[in-house]
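S.K.: Structure incoming, see below.
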Amino acid sequence: MKVTNLIVYSLLLVVAIVFLLPIFYSLLTSFKTEQEIFSKTFTFFPHNPSLINYDYVFKRGIQYLTYYKNSLIITVVGVILTTILSSVGGYAFARLPFKGRESIMLFMLFIITFPLAVLLIPIYIMEFKLNILNTNIGLILPNVASLLPFATFIMRGIFRSIPKELEDSAEIDGCSVFMTWFRVMLPLARNGIIIIIVYSFYMIWGEYTLAVTLATQEQAMPLSVALTLLRGEGWNFGVLGAVIILSIIPPIAIFLAFQKYLSSGIIRGAIKG
């Protein structure tokens with residue numbers, strides 16, 4: 001048993017290093033000067049740490065804050081919509097009997113298998129006709145639509161794991177379907193809601209494919225697309241590293257705030273889904 005644990009922990013350590021190494025290197029690069037980055041001698045740690053790259057970013061404060069604001073608006077509104085719609089849909093698929101319930105759920109999950117690139121042209125044409133290209137709503141709606149099938153599936157599993165007796169008691173007390181969902185079931189599905197919040201925040205905040213296609217004007221760009229604009233005459237990897245570090249702070253903060261709820265919620269949703 002101890003040998004098995006050692007192997008598992010070793011593998012987890014390797015995986016953690018693989019994922020964290022690029023972030024750590026970006027952090028170190030953000031403190032290097034351009035001369036050190038492009039020198040013939042490779043250096044992992046900066047010889048003379050400098051804040052010049054962060055200074056460059058904040059000197060372009062107006063543009064940077066615009067990109068940051070766009071990302072925050074798109075992400076926060078997208079997370080709220082995804083959470084509300086998936087919790088409503090998940091409850092309906094878990095508890096409300098209607099014809100074709102399982103078939104509709106399977107069809108929604110089938111949609112996830114479609115590559116996003118296949119859907120870009122139809123989405124672009126629809127947004128062009130609706131005149132919502134280069135707007136926040138034009139990025140919020142497709143992001144929510146792409147996340148809803150999986151989010152609904154997770155919430156469906158969470159609601160199925162809640163004892164039906166609690167729902168029956170609420171109905172006996174005179175609660176409507178909506179009030180049963182809102183007052184009884186929703187508080188008990190807290191772990192699932194937190195999973196959806198973290199998952200959707202992470203996916204929308206770092207989304208690039210939709211953003212680079214639907215937000216071509218600089219004032220409408222989220223941070224994920226505008227990263228390439230925050231540079232000097234050529235590629236300044238120090239500046240890029242500084243912006244990357246600043247851009248990953250919100251998702252890391254969200255994850256750390258809710259991490260203790262994630263494991264149990266994911267397991268419950270997977271088992272009952």
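Every chain in the structure tokens takes a letter, A first, then B, and so on in the order presented; its residues are numbered from 1, and the ligands are numbered from 1 following the presented order.
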I'd like to know which residues of stretch 47-259 of chain A are alpha helix (DSSP H) (by DSSP, run on the backbone); could you write them as JSON, numbers by chain?
M.R.: {"A": [52, 53, 54, 55, 56, 57, 58, 59, 61, 62, 63, 64, 65, 66, 67, 68, 69, 70, 71, 72, 73, 74, 75, 76, 77, 78, 79, 80, 81, 82, 83, 84, 85, 86, 87, 88, 89, 90, 91, 92, 93, 94, 95, 101, 102, 103, 104, 105, 106, 107, 108, 109, 110, 111, 112, 116, 117, 118, 119, 120, 121, 122, 123, 124, 125, 126, 127, 128, 129, 130, 136, 137, 138, 139, 140, 141, 142, 143, 144, 145, 146, 147, 148, 149, 150, 151, 152, 153, 154, 155, 156, 157, 158, 159, 160, 164, 165, 166, 167, 168, 169, 170, 171, 172, 177, 178, 179, 186, 187, 188, 190, 191, 192, 193, 194, 195, 196, 197, 198, 199, 200, 201, 202, 203, 204, 205, 209, 210, 211, 212, 213, 214, 223, 224, 225, 226, 237, 238, 239, 240, 241, 242, 243, 244, 245, 246, 247, 249, 250, 251, 252, 253, 254, 255, 256, 257, 258, 259]}
S.K.: Residues of stretch 21-137 of chain A that approach stretch 174-192 of chain A to 12 Å or less, counting only C-alpha atoms: could you list each one with the shortest pair of atoms and its distance in Å to one decimal, rows by chain and increasing residue number, as CSV?
M.R.:
```
residue,atom,partner,partner_atom,distance
A:Thr83,CA,A:Gly192,CA,9.5
A:Ile84,CA,A:Leu186,CA,10.3
A:Ser86,CA,A:Gly192,CA,10.1
A:Ser87,CA,A:Leu186,CA,7.8
A:Val88,CA,A:Trp181,CA,8.0
A:Gly89,CA,A:Trp181,CA,10.9
A:Gly90,CA,A:Gly192,CA,10.2
A:Tyr91,CA,A:Trp181,CA,7.3
A:Ala92,CA,A:Trp181,CA,9.4
A:Ala94,CA,A:Met185,CA,11.2
A:Arg95,CA,A:Trp181,CA,9.8
A:Leu96,CA,A:Val177,CA,9.0
```
S.K.: May I ask for the distance between atom CA of A:Leu85 and atom CA of A:Gln219, given in Å to one decimal place?
M.R.: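 Taking atom CA of A:Leu85 and atom CA of A:Gln219, their separation equals 29.0 Å.
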S.K.: For A:Leu133, which of A:Val212, A:Gly241, A:Phe31, A:Asn5 is the closest residue, counting only C-alpha atoms?
M.R.: A:Val212
S.K.: Find, counting only C-alpha atoms, the residue in A:Phe19, A:Asn134, A:Tyr67, A:Pro115 that gets nearest to A:Thr228.
M.R.: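 So, comparing all the options, the nearest one is A:Tyr67.
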S.K.: Identify, on the basis of only C-alpha atoms, every residue whose closest approach to A:Gly206 does not exceed 12 Å; exclude the query and any residue fewer than 4 positions from it along the same chain; express the result as a ChimeraX atom specification.
M.R.: /A:68,71-72,74-75,143,199-202,210-212,222-227,244,247-252
S.K.: Within 9 Å of A:Val144, counting only C-alpha atoms, which residues show up once you throw out same-chain ones fewer than 2 positions away? Write them as a compact mmCIF listing (two decimals) with C-alpha atoms, in the first residue's frame, please.
M.R.:
```txt
# COMPACT_ATOMS: atom_id res chain seq x y z
CA GLY A 78 -21.18 34.64 -18.37
CA VAL A 79 -20.64 32.86 -15.06
CA LEU A 81 -25.92 33.18 -16.67
CA THR A 82 -24.28 29.76 -16.90
CA LEU A 139 -18.88 37.17 -26.53
CA ILE A 140 -21.05 36.37 -23.51
CA LEU A 141 -23.79 34.51 -25.42
CA PRO A 142 -21.63 32.00 -27.35
CA SER A 146 -20.81 26.34 -25.24
CA LEU A 147 -20.65 25.74 -21.48
CA LEU A 148 -24.32 24.98 -20.77
CA SER A 200 -17.18 28.55 -16.17
CA ILE A 204 -14.57 32.08 -20.15
```
S.K.: Could you tell me how far atom CA of A:Leu106 sits from atom CA of A:Ile154, in Å to one decimal place?
M.R.: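 Going from atom CA of A:Ile154 over to atom CA of A:Leu106, I get 13.1 Å.
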S.K.: Which residues are near A:Ser30? Cut-off 10 Å, only C-alpha atoms, ignore same chain within fewer than 5 positions. Put them as a ChimeraX atom specification.
M.R.: /A:24-25,37,46,49-54,236-245
S.K.: Can you spit out the residues from that selection as an mmCIF file, in the first residue's frame, using C-alpha atoms?
M.R.:
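Now in result.cif:
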```cif
data_model
loop_
_atom_site.group_PDB
_atom_site.id
_atom_site.type_symbol
_atom_site.label_atom_id
_atom_site.label_comp_id
_atom_site.auth_asym_id
_atom_site.auth_seq_id
_atom_site.Cartn_x
_atom_site.Cartn_y
_atom_site.Cartn_z
ATOM 1 C CA PHE A 24 6.794 29.783 -12.885
ATOM 2 C CA TYR A 25 8.985 30.497 -15.921
ATOM 3 C CA ILE A 37 15.970 37.364 -22.391
ATOM 4 C CA PRO A 46 16.916 36.540 -13.604
ATOM 5 C CA PRO A 49 15.510 41.280 -11.256
ATOM 6 C CA SER A 50 13.722 44.340 -12.608
ATOM 7 C CA LEU A 51 10.175 45.729 -12.585
ATOM 8 C CA ILE A 52 10.630 47.380 -15.985
ATOM 9 C CA ASN A 53 8.139 45.053 -17.674
ATOM 10 C CA TYR A 54 5.411 45.748 -15.117
ATOM 11 C CA ASN A 236 8.949 41.514 -25.770
ATOM 12 C CA PHE A 237 8.647 38.310 -23.787
ATOM 13 C CA GLY A 238 9.311 40.117 -20.511
ATOM 14 C CA VAL A 239 6.227 42.299 -21.013
ATOM 15 C CA LEU A 240 4.249 39.274 -22.146
ATOM 16 C CA GLY A 241 5.312 37.390 -19.023
ATOM 17 C CA ALA A 242 4.217 40.291 -16.808
ATOM 18 C CA VAL A 243 0.780 40.442 -18.432
ATOM 19 C CA ILE A 244 0.355 36.664 -18.203
ATOM 20 C CA ILE A 245 1.082 36.753 -14.470
#
```
S.K.: Between A:Asn70, A:Ala215, A:Ile112, A:Val15, which is the closest to A:Phe128 once you count only C-alpha atoms?
M.R.: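 Ranked by minimum distance to A:Phe128, first place goes to A:Ala215.
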